[in-house]
Amino acid sequence: MDVQYVAPKTLDEAIRAFAAAAGSGRILAGGTDLLVQMRNGIVSPGTIVDIKKIGELTSIEETKDGGFRIGAAVSGMVLREHPRLSKVWPGVVEAANLIGSTQVQGRATPGGNLCNGSPAGDSVPAMVAAAATVTIQGPNGRREMAVEKVPKGPGRLNLEPGEIVVSFNLPPRAKGSSDAYLRMIPRTEMDIAVVGCGVSLTMDKGTCTAARVGLGAVAPTVLLVEEAAKALIGSKLDEAALAKAAAACSAACRPIDDKRGTIAYRTKVAGVLLKRTALIAAERAGGK
Amino acid sequence: MSTTGSTKTPETANDNKWIGKRTIRPDGADKVTGRAAYAADTTMPGMIWGKVLRSPHPHARIKSIDTSKAEAYPGVKAVMTAKDIVNFPIDKSVMLGIQDMRWMCRNVMAREKALFAGHPVAAVAATTEKIAAEACKLIEVEYEVLPFVIDVEEAMKPDAPILHDFIKYKDKPSNIAGTLEHKLGDVGEGFAKADVVIERSFRTQPVHQGYIEPHACLVSVSDGKATIWSSSQGQFMVRAMCAYLTGLPQNDIRAIPAEIGGGFGGKTIIYLEPLALILAKKSGRPVKMTMTRGEVFHASGPTSGSYSTVKLGATKDGKLVAAQGTFCLQAGALPGSPIRGAAGCAFAPYDIPNVHSFGYDVVSNRSKVAAYRAPGAPIGAYGVECVMDEMAEALKMDPLEFRLKNAAKQGTKAAHGPVYPRIGFVETIEEAKKHAHYTTPLPKAKNGKLYGRGVASGFWFNAGGESSAQVNVNEDGTVVVITGHPDIGGSRASTANITAEILGIDYKKVSVLIGDTSVIGFSNLTGGSRVTYASAMVVTQSTEKVITQLRERAAKIWKIDPDAVVWENGEARPAGDNAGKFEPLSLGQIAAQASATGGPIGAGQQLNTTGAEGGFATHVCDVEVDPDLGIVRVLRYTAFQDVGRAIHPSYVEGQIQGGAAQGIGWALSEEYIYNKDGKLDNPSFLDYRMPVSSDLPMLDSVILEIPNPKHPQGVRGVGEVPLVPPLAAISNAVYNALGRRFYSLPMSPPKILATMDMAAD
């Protein structure tokens, strides 16, 4: 069967083409998942809708209130080169830039990473920790959704037919805030997270006043671990608080045993990474 | 990296112009610019595509195959099954090198049974790859699914599913397809004399060579004669195996070696070539076949997983008195695991009076193993060198000192047979002991990380065997050398160095080509670390014959006796009474007059080379362990190896680094993982975790040159022994860091953490 490829210039056209293709349509952003899946015979789309020609999806904007709007089809490299984003959201940027090799980072996008639906996607726990929302547009209009609500399970999303993720919205930051992302991979690069951990927090005179924790690859979807955040908030990120937060991360894990890691390993490492990630974020936020 | 002064030979100390020099690799520019032609780059007019239908079951009887729908599918030009391949009956062995054609004819296509998930069952050739793949799905195969067994220990159990009714062990149906035993002295008496005895068991998982280029070929059959372009470690092996499997005589098959994108032993065997040949013959069209990475992992030949037990006995003063080893190796679907390498090389570095080494060749439902760099030897050395480390600790001796005290040397009788001539094992240990790597202290712990150092040694047989060469002097005084060996590790550069040195001409005036089966005499596989060794011998003798001719031509020009002419510095000079009477004649001048003085100048030599002699190495490794994540990183690695003579030091270092890198992968991250259905669960480079460059430090090599007395340049094979010590060197380093010994590979993060947690409980 032949594949139809369209590269609309506007979001409305893209949504029409995607909706018209019904179940056989696939969105192409960087293509680093889609093209591999096509080559391996996992998917065979009838229509490919390339969204990289649409301005809103390929731009980064700093909003008046100090937040950021990141187009879903912005590549990891473009994220990294943005003069302000890395300063305000270093964890989000470092997570997106762990995906693949240098060449892949020139293509791979946070929108694609989220919509691939893998619990191991690196940018997702960082976005969850960042309290990012996504703007979604479909045949029935626009809506917003918390990023952690988007995945439904491995490879499955809470999107309606014809809906496209347009952008990520990062909220304005209080003074003394930063974030970080760490993942465990057996190699140093070119690998997939066995556990991923994103932490975003605010420090005030050595005390953590706000925190969010995202955990990847330990459950069918990326988790927002509120218990871990609670353990950090109000503490000076001392060993006891970190241990409590780590235990909360381990308790939240519902991992599988597979070729990439065991249940016991992932459960333990989730806690180890929480401690390390929180300390990096705190350091970036101005220290303990 | 350094070439150590203390062991320099007179030859390397002298003023060699080319041997020992880092000349530019003749094939380098083409390879880095993408111009080099690999098998998959070849196309022909009218070419069609072949695809293989593979068994989804790890073990199943094939009750019937109906290809009619595939044959009728538009675009399909030919379909084949095992019926089209020559059947070699089970009761009579037909050997080609280390491969038995009874097994080869069943490996390239399932005959009575599918023996592993991925085993070829049929093949289709069609006008496009897509049509061929679609047509494969139309082939109806009726399977009787059978119970399967994958793990080597499971396969040896009395109630294990039996793969082959015809294999019997101790008169009972068994998966033990063969055994091999080496004995020296009396181990019972030896252990009785020991003050310390240590016995441990070890497990390793199957690992793949990981060559980047998947198997590929193009075959054209015209007027009953076949031409094969393929990626292999030996065009003559391709020709002979295809002749056996298709019934064509060898003179009707021309095998042309493409550039090869890595082999490491895995391309000493064929998969696609006979299928493409039969499809080409049936369709009358050239047929191209390439494997996907998934097919390479599922259905080519990785090396064995293993279960071994090693027992060593030593006296209080540190002398080994007895050694016993049992090495059970997973052959895959058909017999032929490398037990000779495991059982033969395991104890070979040491002078031990009483040795008993035993190997079991065990079949199981995974793809048939192929050679992998020093086949079997890393498995044998892993157990032995880990117990050596434990023994040194028990005796409170430095591990290198302990090895030095027991090192084999000239005159040592090895359990696998030979009495060693001059070898350089002792030198590898001595150099390691005094090297800055070993003498620099390592912190025990820093920033939450733990550090450890390990050492291990290793031996590989090395091989000689058949090689042919032709050296021709061109009309303009340049030289063409043709050999019969695909160049994997830089052998063209080495051959050019030798030829230029002997002739006394500029390296750039020598071109080295790899001849196909119709232009050069029989040359055995590129394998066994034999190519530079053996081709140097035939190239040296060919070049010496050429020099004799050059002296004769000069004598003719000068009208003097050829014995009165010497060849020096690339020119003929009158000698003896005639010295100084004539102006010397250069190679170019003689070549220009070749027609007038007797015709073209050139000579060849064909030999079954002997005297390869073993290779020895000692490796030192530092690791850093993250004890909370279980991640082991190699921080520093130095390999000490007696190479006899480094004809081209860069490619010697490349071999040493490559072997060490593969060993690091084997020790830490690589493994075949099977799911509960007996199917490979990680058939990709994402989940089959070979180290990437950022995982490795600079791998340093210290080249020691203790010349092989049986070789004109002193060469010993270098390519394989570097993979023998790393598994144990890294294991011993991890022990040194964590204080816990690991007896199974890979030492993956979950395994490290599980063991650490067990220790903590």
# chains A, B, ... in the order shown; residues from 1 in each chain; ligands from 1
>>> interface_residues(of="chain B", to="chain A", cutoff="12 Å", atoms="only C-alpha atoms", output="number ranges by chain")
B: 130-131, 133-134, 292-295, 448, 625-634, 664-665, 668-676, 680-697, 746-757
>>> residues_around(residues="B:Gly376", least_positions_apart="6", cutoff="9 Å", atoms="only C-alpha atoms", output="PyMOL selection string")
chain B and resi 303-304+329+337-345+724
>>> closest_atom_pairs(of="stretch 103-189 of chain A", to="stretch 47-70 of chain A", cutoff="10 Å", atoms="only C-alpha atoms", output="CSV")
residue,atom,partner,partner_atom,distance
A:Thr109,CA,A:Thr58,CA,9.6
A:Pro110,CA,A:Ile70,CA,8.9
A:Gly111,CA,A:Leu57,CA,9.2
A:Ala132,CA,A:Phe68,CA,9.5
A:Thr133,CA,A:Arg69,CA,9.6
A:Val134,CA,A:Arg69,CA,9.2
A:Thr135,CA,A:Arg69,CA,9.4
A:Ile164,CA,A:Ile51,CA,9.4
A:Val165,CA,A:Leu57,CA,8.8
A:Val166,CA,A:Leu57,CA,5.8
A:Ser167,CA,A:Ile70,CA,5.3
A:Phe168,CA,A:Ile70,CA,5.0
A:Asn169,CA,A:Arg69,CA,4.6
A:Leu170,CA,A:Phe68,CA,5.0
A:Pro171,CA,A:Gly67,CA,4.6
A:Pro172,CA,A:Gly67,CA,4.0
A:Arg173,CA,A:Gly66,CA,7.0
A:Ala174,CA,A:Gly66,CA,9.6
>>> write_last_selection(atoms="C-alpha atoms", output="JSON list (two decimals), in the first residue's frame")
[["chain", "number", "residue", "atom", "x", "y", "z"],
["A", 109, "THR", "CA", 11.19, 16.53, 19.50],
["A", 110, "PRO", "CA", 9.49, 16.69, 22.89],
["A", 111, "GLY", "CA", 6.08, 16.34, 21.20],
["A", 132, "ALA", "CA", 4.09, 21.54, 32.02],
["A", 133, "THR", "CA", 0.73, 21.53, 30.32],
["A", 134, "VAL", "CA", 0.17, 20.72, 26.68],
["A", 135, "THR", "CA", -2.04, 22.56, 24.25],
["A", 164, "ILE", "CA", -2.54, 16.97, 17.67],
["A", 165, "VAL", "CA", -0.25, 18.12, 20.48],
["A", 166, "VAL", "CA", 0.60, 21.70, 19.56],
["A", 167, "SER", "CA", 2.86, 22.95, 22.33],
["A", 168, "PHE", "CA", 4.16, 22.57, 25.83],
["A", 169, "ASN", "CA", 3.51, 25.36, 28.31],
["A", 170, "LEU", "CA", 6.00, 25.85, 31.09],
["A", 171, "PRO", "CA", 4.81, 28.01, 33.97],
["A", 172, "PRO", "CA", 6.62, 31.10, 35.26],
["A", 173, "ARG", "CA", 9.29, 30.40, 37.87],
["A", 174, "ALA", "CA", 9.51, 31.70, 41.40]]
>>> residues_around(residues="A:Ser118", least_positions_apart="6", cutoff="9 Å", atoms="only C-alpha atoms", output="list in words")
Pro151, Gly153, Pro154, Gly155, Arg156, Gly216, Ala217, Pro220, Thr221 and Val222 of chain A
>>> atom_distance(atom1="atom CA of B:Asn354", atom2="atom CA of B:Ile379")
20.8 Å
>>> select_by_dssp(residues="stretch 211-359 of chain B", states="strand (DSSP E or B)", output="compact mmCIF listing (two decimals) with N, CA and C atoms, in the first residue's frame")
# COMPACT_ATOMS: atom_id res chain seq x y z
N ALA B 216 25.54 -10.11 3.42
CA ALA B 216 24.94 -9.69 2.16
C ALA B 216 25.63 -10.40 1.01
N CYS B 217 24.89 -10.62 -0.07
CA CYS B 217 25.52 -11.19 -1.26
C CYS B 217 24.69 -10.88 -2.50
N LEU B 218 25.36 -10.98 -3.63
CA LEU B 218 24.70 -10.93 -4.93
C LEU B 218 25.23 -12.12 -5.72
N VAL B 219 24.32 -12.91 -6.29
CA VAL B 219 24.74 -14.09 -7.05
C VAL B 219 24.10 -14.06 -8.42
N SER B 220 24.94 -14.29 -9.43
CA SER B 220 24.44 -14.37 -10.79
C SER B 220 24.82 -15.75 -11.34
N VAL B 221 23.87 -16.40 -12.00
CA VAL B 221 24.16 -17.69 -12.61
C VAL B 221 23.89 -17.57 -14.10
N SER B 222 24.91 -17.85 -14.88
CA SER B 222 24.76 -17.73 -16.32
C SER B 222 25.42 -18.93 -16.98
N LYS B 225 27.11 -21.32 -14.79
CA LYS B 225 28.27 -20.88 -13.99
C LYS B 225 27.85 -19.73 -13.08
N ALA B 226 28.25 -19.85 -11.84
CA ALA B 226 27.81 -18.87 -10.84
C ALA B 226 28.93 -17.89 -10.49
N THR B 227 28.54 -16.63 -10.33
CA THR B 227 29.46 -15.62 -9.79
C THR B 227 28.85 -15.08 -8.51
N ILE B 228 29.63 -15.07 -7.45
CA ILE B 228 29.13 -14.66 -6.13
C ILE B 228 29.93 -13.45 -5.65
N TRP B 229 29.24 -12.36 -5.36
CA TRP B 229 29.87 -11.23 -4.68
C TRP B 229 29.36 -11.29 -3.25
N SER B 230 30.24 -11.43 -2.29
CA SER B 230 29.71 -11.48 -0.93
C SER B 230 30.74 -11.02 0.08
N ILE B 253 32.08 -22.04 -10.11
CA ILE B 253 31.72 -20.99 -9.15
C ILE B 253 32.89 -20.04 -9.01
N ARG B 254 32.62 -18.77 -9.21
CA ARG B 254 33.64 -17.74 -8.98
C ARG B 254 33.16 -16.90 -7.80
N ALA B 255 33.94 -16.91 -6.74
CA ALA B 255 33.56 -16.13 -5.55
C ALA B 255 34.44 -14.90 -5.46
N ILE B 256 33.80 -13.75 -5.49
CA ILE B 256 34.52 -12.47 -5.49
C ILE B 256 34.34 -11.83 -4.12
N PRO B 257 35.44 -11.59 -3.41
CA PRO B 257 35.30 -11.02 -2.07
C PRO B 257 35.02 -9.52 -2.12
N GLU B 259 34.60 -5.84 -0.03
CA GLU B 259 35.16 -5.31 1.22
C GLU B 259 34.29 -5.83 2.35
N VAL B 287 20.41 -12.52 -8.16
CA VAL B 287 19.64 -12.40 -6.92
C VAL B 287 20.51 -11.78 -5.82
N LYS B 288 19.95 -10.74 -5.21
CA LYS B 288 20.63 -10.08 -4.11
C LYS B 288 19.91 -10.40 -2.81
N MET B 289 20.69 -10.66 -1.78
CA MET B 289 20.09 -10.90 -0.46
C MET B 289 20.89 -10.15 0.59
N THR B 290 20.20 -9.53 1.51
CA THR B 290 20.87 -8.89 2.64
C THR B 290 20.09 -9.25 3.90
N SER B 306 28.03 -20.48 28.33
CA SER B 306 28.82 -21.57 28.93
C SER B 306 28.55 -21.74 30.40
N TYR B 307 28.87 -22.96 30.84
CA TYR B 307 28.91 -23.29 32.26
C TYR B 307 30.22 -24.03 32.50
N SER B 308 31.06 -23.49 33.35
CA SER B 308 32.40 -24.08 33.55
C SER B 308 32.70 -24.25 35.02
N THR B 309 33.51 -25.23 35.30
CA THR B 309 34.03 -25.39 36.66
C THR B 309 35.54 -25.48 36.57
N VAL B 310 36.21 -24.70 37.40
CA VAL B 310 37.68 -24.67 37.39
C VAL B 310 38.19 -24.91 38.80
N LYS B 311 39.17 -25.80 38.90
CA LYS B 311 39.77 -26.13 40.20
C LYS B 311 41.28 -26.02 40.07
N LEU B 312 41.88 -25.26 40.96
CA LEU B 312 43.35 -25.12 40.95
C LEU B 312 43.90 -25.54 42.31
N GLY B 313 45.07 -26.16 42.27
CA GLY B 313 45.77 -26.51 43.50
C GLY B 313 47.17 -25.94 43.47
N ALA B 314 47.59 -25.32 44.60
CA ALA B 314 48.93 -24.74 44.65
C ALA B 314 49.57 -25.05 46.00
N LEU B 320 51.76 -23.77 41.22
CA LEU B 320 50.59 -24.55 40.83
C LEU B 320 51.01 -26.00 40.64
N VAL B 321 50.24 -26.91 41.24
CA VAL B 321 50.59 -28.34 41.11
C VAL B 321 49.51 -29.13 40.39
N ALA B 322 48.29 -28.59 40.34
CA ALA B 322 47.24 -29.32 39.63
C ALA B 322 46.16 -28.35 39.16
N ALA B 323 45.55 -28.70 38.03
CA ALA B 323 44.48 -27.87 37.48
C ALA B 323 43.45 -28.77 36.81
N GLN B 324 42.22 -28.46 37.09
CA GLN B 324 41.15 -29.23 36.46
C GLN B 324 40.08 -28.27 35.97
N GLY B 325 39.59 -28.52 34.78
CA GLY B 325 38.54 -27.65 34.25
C GLY B 325 37.52 -28.44 33.46
N THR B 326 36.26 -28.08 33.65
CA THR B 326 35.19 -28.67 32.83
C THR B 326 34.46 -27.51 32.17
N PHE B 327 34.39 -27.54 30.85
CA PHE B 327 33.85 -26.41 30.10
C PHE B 327 32.69 -26.91 29.24
N CYS B 328 31.47 -26.50 29.59
CA CYS B 328 30.28 -26.92 28.86
C CYS B 328 29.85 -25.75 27.98
N LEU B 329 29.89 -25.95 26.68
CA LEU B 329 29.62 -24.86 25.75
C LEU B 329 28.39 -25.15 24.90
N GLN B 330 27.60 -24.12 24.74
CA GLN B 330 26.35 -24.17 23.99
C GLN B 330 26.69 -24.07 22.50
N ALA B 331 26.39 -25.13 21.77
CA ALA B 331 26.73 -25.14 20.34
C ALA B 331 25.66 -24.44 19.52
N GLY B 332 24.48 -24.29 20.08
CA GLY B 332 23.35 -23.89 19.26
C GLY B 332 22.73 -25.11 18.62
N TYR B 350 50.26 -21.56 31.64
CA TYR B 350 50.97 -21.93 32.87
C TYR B 350 51.68 -23.27 32.77
N VAL B 355 47.32 -31.67 34.74
CA VAL B 355 46.19 -30.92 34.18
C VAL B 355 45.16 -31.89 33.64
N HIS B 356 43.92 -31.60 33.92
CA HIS B 356 42.83 -32.33 33.26
C HIS B 356 41.80 -31.29 32.80
N SER B 357 41.62 -31.19 31.49
CA SER B 357 40.73 -30.19 30.93
C SER B 357 39.73 -30.91 30.04
N PHE B 358 38.46 -30.65 30.27
CA PHE B 358 37.42 -31.43 29.60
C PHE B 358 36.37 -30.48 29.04
N GLY B 359 35.99 -30.70 27.79
CA GLY B 359 34.98 -29.86 27.17
C GLY B 359 33.77 -30.66 26.70
>>> residues_around(residues="B:Gly588", least_positions_apart="2", cutoff="7 Å", atoms="only C-alpha atoms", output="MDAnalysis selection string")
chainID B and resid 476:477 586 590:592
>>> write_last_selection(atoms="C-alpha atoms", output="PDB file, in the first residue's frame")
ATOM      1  CA  ASP B 476      56.982   0.979 -15.123  1.00  0.00           C
ATOM      2  CA  GLY B 477      58.730  -0.568 -12.150  1.00  0.00           C
ATOM      3  CA  SER B 586      67.074   0.002 -10.483  1.00  0.00           C
ATOM      4  CA  ILE B 590      65.159  -3.627 -15.244  1.00  0.00           C
ATOM      5  CA  ALA B 591      61.366  -3.591 -15.612  1.00  0.00           C
ATOM      6  CA  ALA B 592      61.660  -1.335 -18.675  1.00  0.00           C
TER       7      ALA B 592
END
>>> residues_around(residues="B:Ile514", least_positions_apart="5", cutoff="10 Å", atoms="only C-alpha atoms", output="MDAnalysis selection string")
chainID B and resid 235 256:259 469 481:487 492 519:520
>>> write_last_selection(atoms="N, CA, C and O atoms", output="short mmCIF file (atom, residue, chain, number, x, y, z; two decimals), in the first residue's frame")
data_model
loop_
_atom_site.label_atom_id
_atom_site.label_comp_id
_atom_site.auth_asym_id
_atom_site.auth_seq_id
_atom_site.Cartn_x
_atom_site.Cartn_y
_atom_site.Cartn_z
N GLN B 235 36.83 -16.09 0.41
CA GLN B 235 36.12 -16.38 -0.83
C GLN B 235 36.22 -17.86 -1.21
O GLN B 235 35.32 -18.41 -1.82
N ILE B 256 33.80 -13.75 -5.49
CA ILE B 256 34.52 -12.47 -5.49
C ILE B 256 34.34 -11.83 -4.12
O ILE B 256 33.21 -11.57 -3.69
N PRO B 257 35.44 -11.59 -3.41
CA PRO B 257 35.30 -11.02 -2.07
C PRO B 257 35.02 -9.52 -2.12
O PRO B 257 35.76 -8.77 -2.75
N ALA B 258 33.95 -9.10 -1.49
CA ALA B 258 33.68 -7.67 -1.35
C ALA B 258 34.51 -7.16 -0.18
O ALA B 258 35.06 -7.95 0.59
N GLU B 259 34.60 -5.84 -0.03
CA GLU B 259 35.16 -5.31 1.22
C GLU B 259 34.29 -5.83 2.35
O GLU B 259 33.08 -6.03 2.19
N ALA B 469 50.17 -16.37 -3.01
CA ALA B 469 50.42 -14.97 -3.37
C ALA B 469 51.08 -14.92 -4.74
O ALA B 469 51.71 -15.89 -5.18
N VAL B 481 50.86 -6.87 -5.82
CA VAL B 481 50.84 -8.12 -5.05
C VAL B 481 49.39 -8.57 -4.95
O VAL B 481 48.51 -7.77 -4.62
N ILE B 482 49.16 -9.84 -5.26
CA ILE B 482 47.81 -10.38 -5.11
C ILE B 482 47.84 -11.48 -4.06
O ILE B 482 48.70 -12.37 -4.10
N THR B 483 46.93 -11.36 -3.09
CA THR B 483 46.80 -12.44 -2.11
C THR B 483 45.35 -12.92 -2.16
O THR B 483 44.51 -12.33 -2.83
N GLY B 484 45.07 -13.97 -1.41
CA GLY B 484 43.72 -14.54 -1.44
C GLY B 484 42.94 -14.31 -0.17
O GLY B 484 42.01 -15.06 0.13
N HIS B 485 43.30 -13.25 0.58
CA HIS B 485 42.66 -13.05 1.89
C HIS B 485 41.90 -11.74 1.97
O HIS B 485 42.49 -10.68 1.81
N PRO B 486 40.58 -11.80 2.26
CA PRO B 486 39.88 -10.55 2.56
C PRO B 486 40.61 -9.82 3.68
O PRO B 486 41.09 -10.44 4.64
N ASP B 487 40.71 -8.51 3.53
CA ASP B 487 41.47 -7.67 4.47
C ASP B 487 40.53 -7.13 5.53
O ASP B 487 39.71 -6.26 5.26
N ARG B 492 46.39 -5.59 3.96
CA ARG B 492 46.97 -5.04 2.73
C ARG B 492 48.15 -4.13 3.07
O ARG B 492 49.19 -4.16 2.40
N VAL B 519 41.44 -15.96 -9.79
CA VAL B 519 42.70 -15.32 -10.18
C VAL B 519 43.86 -15.64 -9.25
O VAL B 519 45.00 -15.35 -9.60
N ILE B 520 43.61 -16.21 -8.11
CA ILE B 520 44.72 -16.51 -7.19
C ILE B 520 44.49 -17.92 -6.64
O ILE B 520 43.36 -18.40 -6.62
#
>>> select_by_dssp(residues="stretch 93-297 of chain B", states="alpha helix (DSSP H)", output="PyMOL selection string")
chain B and resi 101-107+129-137+152-156+187-193+235-246+273-283+293-297
>>> closest_residue(among="A:Leu34, A:Ala29, A:Val43, A:Ala130", to="A:Ala108", atoms="only C-alpha atoms")
A:Ala29
>>> residues_around(residues="stretch 274-276 of chain A", least_positions_apart="4", cutoff="9 Å", atoms="only C-alpha atoms", output="ChimeraX atom specification")
/A:182,197-199,213,215,228,237,239,242-243,245-246,249,269-270,280-281
>>> residues_around(residues="A:Ala21", least_positions_apart="2", cutoff="10 Å", atoms="only C-alpha atoms", output="mmCIF file with N, CA, C and O atoms, in the first residue's frame")
data_model
loop_
_atom_site.group_PDB
_atom_site.id
_atom_site.type_symbol
_atom_site.label_atom_id
_atom_site.label_comp_id
_atom_site.auth_asym_id
_atom_site.auth_seq_id
_atom_site.Cartn_x
_atom_site.Cartn_y
_atom_site.Cartn_z
ATOM 1 N N GLN A 4 0.723 8.157 1.827
ATOM 2 C CA GLN A 4 0.560 9.544 1.420
ATOM 3 C C GLN A 4 1.278 10.434 2.423
ATOM 4 O O GLN A 4 1.145 10.248 3.639
ATOM 5 N N ILE A 15 -4.732 19.434 10.927
ATOM 6 C CA ILE A 15 -5.806 18.740 11.654
ATOM 7 C C ILE A 15 -6.807 18.132 10.677
ATOM 8 O O ILE A 15 -7.244 16.998 10.857
ATOM 9 N N ARG A 16 -7.111 18.855 9.613
ATOM 10 C CA ARG A 16 -8.037 18.310 8.599
ATOM 11 C C ARG A 16 -7.450 17.041 7.966
ATOM 12 O O ARG A 16 -8.117 16.026 7.845
ATOM 13 N N ALA A 17 -6.174 17.129 7.594
ATOM 14 C CA ALA A 17 -5.543 15.975 6.940
ATOM 15 C C ALA A 17 -5.469 14.785 7.889
ATOM 16 O O ALA A 17 -5.727 13.640 7.509
ATOM 17 N N PHE A 18 -5.146 15.080 9.157
ATOM 18 C CA PHE A 18 -4.998 14.011 10.148
ATOM 19 C C PHE A 18 -6.354 13.377 10.436
ATOM 20 O O PHE A 18 -6.485 12.145 10.495
ATOM 21 N N ALA A 19 -7.375 14.224 10.567
ATOM 22 C CA ALA A 19 -8.715 13.709 10.839
ATOM 23 C C ALA A 19 -9.237 12.920 9.642
ATOM 24 O O ALA A 19 -9.849 11.865 9.790
ATOM 25 N N GLY A 23 -7.987 6.481 11.276
ATOM 26 C CA GLY A 23 -7.051 5.647 12.041
ATOM 27 C C GLY A 23 -5.720 5.417 11.365
ATOM 28 O O GLY A 23 -4.745 5.041 12.014
ATOM 29 N N SER A 24 -5.647 5.649 10.049
ATOM 30 C CA SER A 24 -4.408 5.290 9.346
ATOM 31 C C SER A 24 -3.409 6.443 9.284
ATOM 32 O O SER A 24 -2.370 6.325 8.662
ATOM 33 N N GLY A 25 -3.744 7.582 9.927
ATOM 34 C CA GLY A 25 -2.832 8.720 9.893
ATOM 35 C C GLY A 25 -1.816 8.672 11.023
ATOM 36 O O GLY A 25 -2.106 8.174 12.108
ATOM 37 N N ARG A 26 -0.618 9.146 10.731
ATOM 38 C CA ARG A 26 0.395 9.296 11.791
ATOM 39 C C ARG A 26 1.034 10.669 11.656
ATOM 40 O O ARG A 26 1.257 11.151 10.552
ATOM 41 N N PRO A 45 1.477 3.412 8.225
ATOM 42 C CA PRO A 45 0.459 4.455 8.079
ATOM 43 C C PRO A 45 0.011 4.642 6.629
ATOM 44 O O PRO A 45 0.794 4.435 5.702
ATOM 45 N N GLY A 46 -1.242 5.052 6.474
ATOM 46 C CA GLY A 46 -1.727 5.397 5.141
ATOM 47 C C GLY A 46 -1.371 6.841 4.809
ATOM 48 O O GLY A 46 -1.038 7.169 3.677
ATOM 49 N N THR A 47 -1.429 7.712 5.811
ATOM 50 C CA THR A 47 -1.082 9.125 5.613
ATOM 51 C C THR A 47 -0.108 9.567 6.694
ATOM 52 O O THR A 47 -0.317 9.271 7.874
ATOM 53 N N ILE A 48 0.929 10.244 6.264
ATOM 54 C CA ILE A 48 1.866 10.839 7.213
ATOM 55 C C ILE A 48 1.679 12.344 7.161
ATOM 56 O O ILE A 48 1.768 12.947 6.081
ATOM 57 N N VAL A 49 1.390 12.936 8.316
ATOM 58 C CA VAL A 49 1.208 14.384 8.383
ATOM 59 C C VAL A 49 2.446 14.982 9.058
ATOM 60 O O VAL A 49 2.650 14.831 10.263
ATOM 61 N N GLY A 162 -7.926 12.575 15.788
ATOM 62 C CA GLY A 162 -7.670 13.812 15.055
ATOM 63 C C GLY A 162 -6.970 14.884 15.867
ATOM 64 O O GLY A 162 -6.637 15.941 15.341
#
>>> atom_distance(atom1="atom CA of B:His215", atom2="atom CA of B:Met237")
14.9 Å
>>> atom_distance(atom1="atom CA of B:Val369", atom2="atom CA of B:Ala276")
21.8 Å
